[in-house]
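Text of the file run18.cif, holding mmCIF, C-alpha atoms and all ligand atoms:
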```cif
data_my_file
loop_
_atom_site.label_atom_id
_atom_site.label_comp_id
_atom_site.auth_asym_id
_atom_site.auth_seq_id
_atom_site.Cartn_x
_atom_site.Cartn_y
_atom_site.Cartn_z
CA MET A 1 51.79 30.15 -22.54
CA SER A 2 54.18 32.89 -23.45
CA ILE A 3 53.02 36.30 -22.26
CA ASP A 4 56.52 37.56 -21.52
CA ALA A 5 58.13 36.74 -24.82
CA SER A 6 55.74 36.50 -27.70
CA ARG A 7 56.48 33.54 -29.91
CA THR A 8 54.96 34.96 -33.05
CA ASP A 9 54.65 38.25 -34.82
CA ARG A 10 50.95 38.61 -34.13
CA ALA A 11 51.49 40.21 -30.70
CA ARG A 12 54.03 42.78 -31.88
CA VAL A 13 52.79 46.38 -31.63
CA ARG A 14 53.71 48.11 -34.88
CA ARG A 15 52.43 51.71 -34.61
CA HIS A 16 54.20 53.47 -31.75
CA PRO A 17 56.10 50.32 -30.71
CA GLU A 18 57.53 52.29 -27.76
CA ARG A 19 54.01 52.12 -26.25
CA GLY A 20 53.88 48.35 -26.58
CA SER A 21 54.91 45.74 -24.04
CA VAL A 22 54.71 41.99 -23.52
CA ASP A 23 55.48 42.29 -19.80
CA ARG A 24 53.37 39.80 -17.91
CA ARG A 25 52.94 42.04 -14.85
CA LEU A 26 51.64 44.91 -16.95
CA VAL A 27 49.30 42.59 -18.85
CA HIS A 28 47.98 41.18 -15.57
CA ALA A 29 47.58 44.62 -13.99
CA ILE A 30 45.48 45.89 -16.91
CA LEU A 31 43.39 42.72 -16.97
CA ASP A 32 42.83 43.00 -13.21
CA GLU A 33 41.67 46.62 -13.42
CA GLY A 34 39.38 46.13 -16.42
CA LEU A 35 35.79 45.02 -16.17
CA VAL A 36 34.74 44.47 -19.78
CA ALA A 37 36.46 42.16 -22.26
CA HIS A 38 35.76 42.29 -25.97
CA VAL A 39 35.97 38.75 -27.30
CA GLY A 40 36.71 38.41 -31.01
CA LEU A 41 36.34 35.30 -33.12
CA VAL A 42 35.10 34.18 -36.53
CA ALA A 43 31.74 32.39 -36.38
CA ASP A 44 30.33 30.90 -39.60
CA GLY A 45 32.78 33.02 -41.59
CA GLN A 46 31.64 36.22 -39.91
CA PRO A 47 34.08 38.19 -37.71
CA LEU A 48 32.36 38.91 -34.41
CA VAL A 49 33.40 40.97 -31.38
CA ILE A 50 31.27 40.51 -28.28
CA PRO A 51 31.60 42.38 -24.94
CA MET A 52 31.67 40.13 -21.89
CA SER A 53 32.59 40.11 -18.23
CA TYR A 54 35.56 38.02 -17.17
CA GLY A 55 37.87 37.04 -14.36
CA ARG A 56 41.58 36.21 -14.36
CA ALA A 57 43.23 33.14 -12.86
CA GLY A 58 46.96 33.28 -13.55
CA ASP A 59 47.40 33.34 -17.31
CA ARG A 60 43.83 32.23 -17.94
CA LEU A 61 40.63 34.18 -18.33
CA ILE A 62 37.31 32.84 -17.09
CA LEU A 63 34.32 33.55 -19.34
CA HIS A 64 30.74 32.49 -18.77
CA GLY A 65 27.41 32.58 -20.55
CA ALA A 66 24.17 30.77 -21.23
CA VAL A 67 24.60 27.18 -22.37
CA PRO A 68 22.69 27.73 -25.69
CA SER A 69 24.70 30.86 -26.55
CA ARG A 70 26.29 30.62 -29.99
CA LEU A 71 29.29 32.54 -28.70
CA MET A 72 29.87 30.09 -25.86
CA GLN A 73 29.41 27.05 -28.09
CA THR A 74 31.75 28.39 -30.76
CA LEU A 75 34.42 29.30 -28.22
CA ALA A 76 34.04 25.94 -26.47
CA ALA A 77 34.92 24.22 -29.75
CA GLY A 78 38.41 25.70 -29.35
CA VAL A 79 38.43 28.16 -32.24
CA PRO A 80 41.24 30.77 -32.21
CA ALA A 81 40.01 33.80 -30.30
CA CYS A 82 41.23 37.24 -29.31
CA VAL A 83 40.28 39.00 -26.07
CA THR A 84 40.84 42.72 -25.65
CA VAL A 85 40.53 44.80 -22.47
CA THR A 86 40.78 48.60 -22.55
CA LEU A 87 41.12 51.14 -19.74
CA LEU A 88 40.35 54.67 -20.88
CA ASP A 89 42.46 57.06 -18.79
CA GLY A 90 41.73 60.39 -20.48
CA LEU A 91 40.74 62.31 -23.56
CA VAL A 92 43.71 64.10 -25.10
CA LEU A 93 42.52 67.39 -26.56
CA ALA A 94 44.90 69.22 -28.87
CA ARG A 95 44.71 72.58 -30.57
CA SER A 96 44.44 70.82 -33.94
CA ALA A 97 41.77 68.22 -34.68
CA PHE A 98 44.50 65.97 -36.11
CA SER A 99 46.42 65.69 -32.84
CA HIS A 100 43.48 64.62 -30.67
CA SER A 101 44.04 61.29 -28.98
CA MET A 102 43.23 59.19 -25.93
CA ASN A 103 45.26 58.08 -22.95
CA TYR A 104 44.77 54.39 -22.37
CA ARG A 105 46.10 51.08 -21.17
CA SER A 106 44.99 48.13 -23.24
CA VAL A 107 45.68 44.45 -23.64
CA VAL A 108 45.22 42.11 -26.59
CA CYS A 109 45.28 38.38 -25.74
CA PHE A 110 45.41 35.48 -28.19
CA GLY A 111 44.35 31.98 -27.26
CA ARG A 112 41.67 29.35 -27.21
CA ALA A 113 39.02 28.43 -24.70
CA ARG A 114 38.03 25.05 -23.32
CA PRO A 115 34.85 24.26 -21.45
CA VAL A 116 34.97 23.80 -17.68
CA GLU A 117 32.72 20.81 -17.01
CA ALA A 118 33.20 19.53 -13.45
CA ALA A 119 30.84 21.18 -10.93
CA ASP A 120 33.59 22.04 -8.43
CA ALA A 121 35.83 23.55 -11.10
CA LYS A 122 32.85 25.50 -12.45
CA ARG A 123 32.09 26.88 -9.00
CA ARG A 124 35.70 27.96 -8.50
CA ALA A 125 35.78 29.60 -11.93
CA LEU A 126 32.53 31.48 -11.29
CA ASP A 127 33.88 32.62 -7.91
CA THR A 128 36.92 34.02 -9.76
CA LEU A 129 34.60 35.93 -12.07
CA VAL A 130 32.47 37.37 -9.24
CA GLU A 131 35.55 38.27 -7.18
CA HIS A 132 37.00 40.08 -10.19
CA LEU A 133 33.88 42.27 -10.44
CA VAL A 134 33.49 42.94 -6.70
CA PRO A 135 36.24 41.62 -4.43
CA GLY A 136 34.77 39.85 -1.39
CA ARG A 137 31.35 39.42 -2.99
CA THR A 138 31.42 35.61 -2.91
CA ARG A 139 31.38 35.81 0.91
CA ASP A 140 27.99 37.56 0.79
CA ALA A 141 26.17 36.34 -2.30
CA ARG A 142 24.45 32.94 -2.41
CA ALA A 143 26.52 30.46 -4.36
CA PRO A 144 25.01 28.99 -7.56
CA ASN A 145 22.81 25.95 -7.03
CA ALA A 146 22.88 22.83 -9.24
CA ARG A 147 20.22 24.19 -11.61
CA GLU A 148 22.05 27.49 -12.04
CA LEU A 149 25.35 25.71 -12.56
CA SER A 150 23.95 23.48 -15.28
CA ALA A 151 22.40 26.49 -17.04
CA THR A 152 25.77 28.25 -17.12
CA ALA A 153 28.52 27.47 -19.58
CA VAL A 154 31.97 28.27 -18.19
CA LEU A 155 35.06 28.65 -20.35
CA ASP A 156 38.71 28.68 -19.47
CA PHE A 157 40.56 30.84 -22.01
CA GLU A 158 44.27 30.16 -21.94
CA ILE A 159 46.33 33.19 -22.92
CA GLU A 160 48.90 31.93 -25.40
CA GLU A 161 50.30 35.35 -26.19
CA ALA A 162 49.45 38.87 -25.12
CA SER A 163 50.52 42.44 -25.75
CA ALA A 164 49.89 45.59 -23.75
CA LYS A 165 49.89 49.12 -25.09
CA VAL A 166 49.92 52.31 -23.03
CA ARG A 167 49.52 55.94 -24.08
CA SER A 168 49.93 58.63 -21.44
CA GLY A 169 50.70 62.32 -21.25
CA PRO A 170 49.65 65.52 -23.00
CA PRO A 171 48.88 66.00 -26.70
CA ARG A 172 51.80 65.90 -29.11
CA GLU A 173 51.38 69.16 -30.96
CA SER A 174 53.33 70.90 -33.66
CA ALA A 175 54.98 74.17 -32.68
CA GLU A 176 52.92 76.19 -35.15
CA ASP A 177 49.69 75.19 -33.37
CA LEU A 178 50.80 76.31 -29.89
CA PRO A 179 49.78 80.01 -30.28
CA LEU A 180 46.21 79.05 -31.30
CA PRO A 181 43.58 80.32 -28.80
CA VAL A 182 42.22 76.85 -28.13
CA TRP A 183 42.35 74.96 -24.82
CA ALA A 184 44.50 71.82 -24.96
CA GLY A 185 45.21 69.20 -22.35
CA VAL A 186 43.98 65.93 -20.94
CA THR A 187 40.48 65.60 -19.54
CA THR A 188 39.05 62.73 -17.58
CA ALA A 189 37.16 60.48 -19.96
CA GLY A 190 33.40 61.04 -19.86
CA THR A 191 33.47 64.49 -18.25
C1 LIG B 1 40.98 53.57 -26.45
C2 LIG B 1 41.83 53.43 -27.70
C3 LIG B 1 41.54 54.18 -28.80
C4 LIG B 1 42.31 54.06 -29.96
N1 LIG B 1 41.96 54.79 -31.06
C5 LIG B 1 42.61 54.55 -32.23
C6 LIG B 1 42.18 55.19 -33.44
O1 LIG B 1 41.19 55.94 -33.48
N2 LIG B 1 42.89 54.96 -34.57
C7 LIG B 1 43.97 54.10 -34.58
O2 LIG B 1 44.57 53.91 -35.63
N3 LIG B 1 44.39 53.51 -33.46
C8 LIG B 1 43.72 53.71 -32.29
N4 LIG B 1 44.15 53.08 -31.15
C9 LIG B 1 45.36 52.27 -31.23
C10 LIG B 1 45.04 50.91 -31.78
O3 LIG B 1 44.59 50.09 -30.72
C11 LIG B 1 46.27 50.25 -32.43
O4 LIG B 1 47.30 50.16 -31.48
C12 LIG B 1 46.74 51.04 -33.63
O5 LIG B 1 45.70 51.04 -34.60
C13 LIG B 1 48.02 50.52 -34.22
O6 LIG B 1 47.89 49.24 -34.68
P1 LIG B 1 49.11 48.59 -35.51
O7 LIG B 1 48.79 48.74 -36.96
O8 LIG B 1 50.40 49.05 -35.01
O9 LIG B 1 49.06 47.17 -35.01
P2 LIG B 1 48.31 45.90 -35.59
O10 LIG B 1 49.09 45.37 -36.75
O11 LIG B 1 46.86 46.21 -35.76
O12 LIG B 1 48.48 44.96 -34.34
C14 LIG B 1 49.63 44.17 -34.16
C15 LIG B 1 49.59 43.61 -32.79
O13 LIG B 1 49.92 44.67 -31.88
C16 LIG B 1 49.21 44.47 -30.67
N5 LIG B 1 48.38 45.67 -30.42
C17 LIG B 1 47.96 46.59 -31.33
N6 LIG B 1 47.23 47.55 -30.73
C18 LIG B 1 47.18 47.21 -29.41
C19 LIG B 1 46.58 47.81 -28.30
N7 LIG B 1 45.87 48.95 -28.37
N8 LIG B 1 46.73 47.19 -27.10
C20 LIG B 1 47.45 46.05 -26.97
N9 LIG B 1 48.05 45.45 -28.00
C21 LIG B 1 47.92 46.02 -29.22
C22 LIG B 1 48.35 43.24 -30.86
O14 LIG B 1 49.00 42.13 -30.30
C23 LIG B 1 48.24 43.12 -32.35
O15 LIG B 1 48.01 41.80 -32.75
C24 LIG B 1 43.41 53.17 -29.99
C25 LIG B 1 43.69 52.40 -28.86
C26 LIG B 1 42.91 52.51 -27.73
C27 LIG B 1 43.21 51.64 -26.57
#
```
If you convert what's in this file into structure tokens, what do you get?
Amino acid sequence: MSIDASRTDRARVRRHPERGSVDRRLVHAILDEGLVAHVGLVADGQPLVIPMSYGRAGDRLILHGAVPSRLMQTLAAGVPACVTVTLLDGLVLARSAFSHSMNYRSVVCFGRARPVEAADAKRRALDTLVEHLVPGRTRDARAPNARELSATAVLDFEIEEASAKVRSGPPRESAEDLPLPVWAGVTTAGT
């Protein structure tokens, strides 16, 4: 695993490289704050991006799903995969349509998954996932029974490389747009 220093070019942010980072702490912090991962892979020649929940254990992500799920079976075969997590921090409204943007923190992870088979390891992995969603929840919720465990496929996705990218701050506007009678600034996403 090489989050800190990417071994290959695939994790190098090209547009606005000053917003990019391979710092492990930043990658972890974004992964820990996010709730939805978009998991990308090629299945039967078709690129596919599927939203999923996840949990983080060190430099690994825990994914789960129904045993018959094509996504889970394809990932379990160890195909190369890409997992993205995005935090939307604000909508960046400029006076010109061109300069509109978003403030965000995002992570792109490359790696492969392997199935978690042993019941104890599966339980621990599922606890990680539940604790990621709602810290402390495993103390209250009933733990999965044997039937539930066998109906659930659990995957351990090892992050081989990762990049983070962060945009923050107001719109970047050209001086000639500043006198325009249009409100500009950053609004909270969704409001
Ligand atoms: C919420 C949101 C909205 C965005 N909207 C747009 C948009 O409308 N149009 C647009 O062009 N771009 C948008 N971006 C930025 C986009 O994610 C890419 O960063 C951008 O397209 C530049 O890609 P590139 O050609 O430099 O890198 P690529 O060659 O596509 O990627 C090279 C490598 O850089 C890393 N990387 C690239 N982008 C990110 C990222 N966001 N987070 C972490 N690692 C990354 C990956 O490791 C990737 O493999 C948005 C990002 C976010 C988070």
Which residues are near Leu88 of chain A? Cut-off 9 Å, all atoms listed in the file, ignore same chain within fewer than 6 positions. Put them as a PDB file with C-alpha atoms, in the coordinates of the input.
```pdb
ATOM      1  CA  MET A 102      43.230  59.190 -25.930  1.00  0.00           C
ATOM      2  CA  ASN A 103      45.260  58.080 -22.950  1.00  0.00           C
ATOM      3  CA  TYR A 104      44.770  54.390 -22.370  1.00  0.00           C
ATOM      4  CA  ARG A 105      46.100  51.080 -21.170  1.00  0.00           C
ATOM      5  CA  SER A 106      44.990  48.130 -23.240  1.00  0.00           C
ATOM      6  CA  THR A 188      39.050  62.730 -17.580  1.00  0.00           C
ATOM      7  CA  ALA A 189      37.160  60.480 -19.960  1.00  0.00           C
TER       8      ALA A 189
END
```
* So which one's closest to Leu87 of chain A, A:Ile50, A:Ala37, A:Glu131, A:Asp177? Using only C-alpha atoms, please. -> A:Ala37
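Counting all atoms listed in the file and comparing A:Ser99, A:Ser21, A:Gln73, A:Ser174, the residue that lies closest to ligand LIG 1 (chain B) is A:Ser21.
In terms of minimum interatomic distance to His132 of chain A, A:Leu35 ranks closest within A:Ala77, A:Leu35, A:Ala164, A:Ala94, counting only C-alpha atoms.
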* Separation of atom CA of Asp127 of chain A from atom CA of Val83 of chain A in Å -> 20.3 Å
* Please write out the residues within 8 Å of ligand LIG 1 (chain B) as a ChimeraX atom specification, counting only C-alpha atoms and all ligand atoms. => /A:9-17,20-21,84,86-88,101-110,162-166
* To do: Figure out the distance between atom CA of Phe98 of chain A and atom CA of Thr187 of chain A, please, to one decimal in Å.
  => 17.1 Å
* Structure fact -> Expressed in Å, the length from atom CA of Lys122 of chain A to atom CA of Leu149 of chain A is 7.5 Å
* Would you mind listing what lies within 8 Å of segment 53-70 of chain A as a ChimeraX atom specification, with only C-alpha atoms counted and same-chain residues fewer than 3 positions away left out? => /A:1,31-32,35-37,73-74,125-126,128-133,151-159
* With distances taken over all atoms listed in the file, which of A:Pro135, A:Arg19, A:Val85, A:Ala76 is nearest to His38 of chain A? -> A:Val85
* Which one of A:Val79, A:Leu26, A:Ala121, A:Ala184 sits closest to Gly45 of chain A if you count only C-alpha atoms? ->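 Under the stated criterion, the closest residue is A:Val79.
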Give, as lines of an AutoDock Vina configuration file, the centre coordinates and the x, y and z edge lengths in Å to one decimal for an axis-aligned box around all listed atoms of segment 9-19 of chain A, padded by 4 Å on each side.
```
center_x = 54.2
center_y = 45.9
center_z = -30.6
size_x = 14.6
size_y = 23.2
size_z = 16.6
```
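Counting all atoms listed in the file, Gly78 of chain A has the following residues at most 7 Å away, ignoring those fewer than 5 positions along the same chain: A:Arg112, A:Ala113, A:Arg114.
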* Residues within 10 Å of Trp183 of chain A, only C-alpha atoms, excluding chain neighbours under 2 positions, as a ChimeraX atom specification -> /A:93-95,178,180-181,185-186
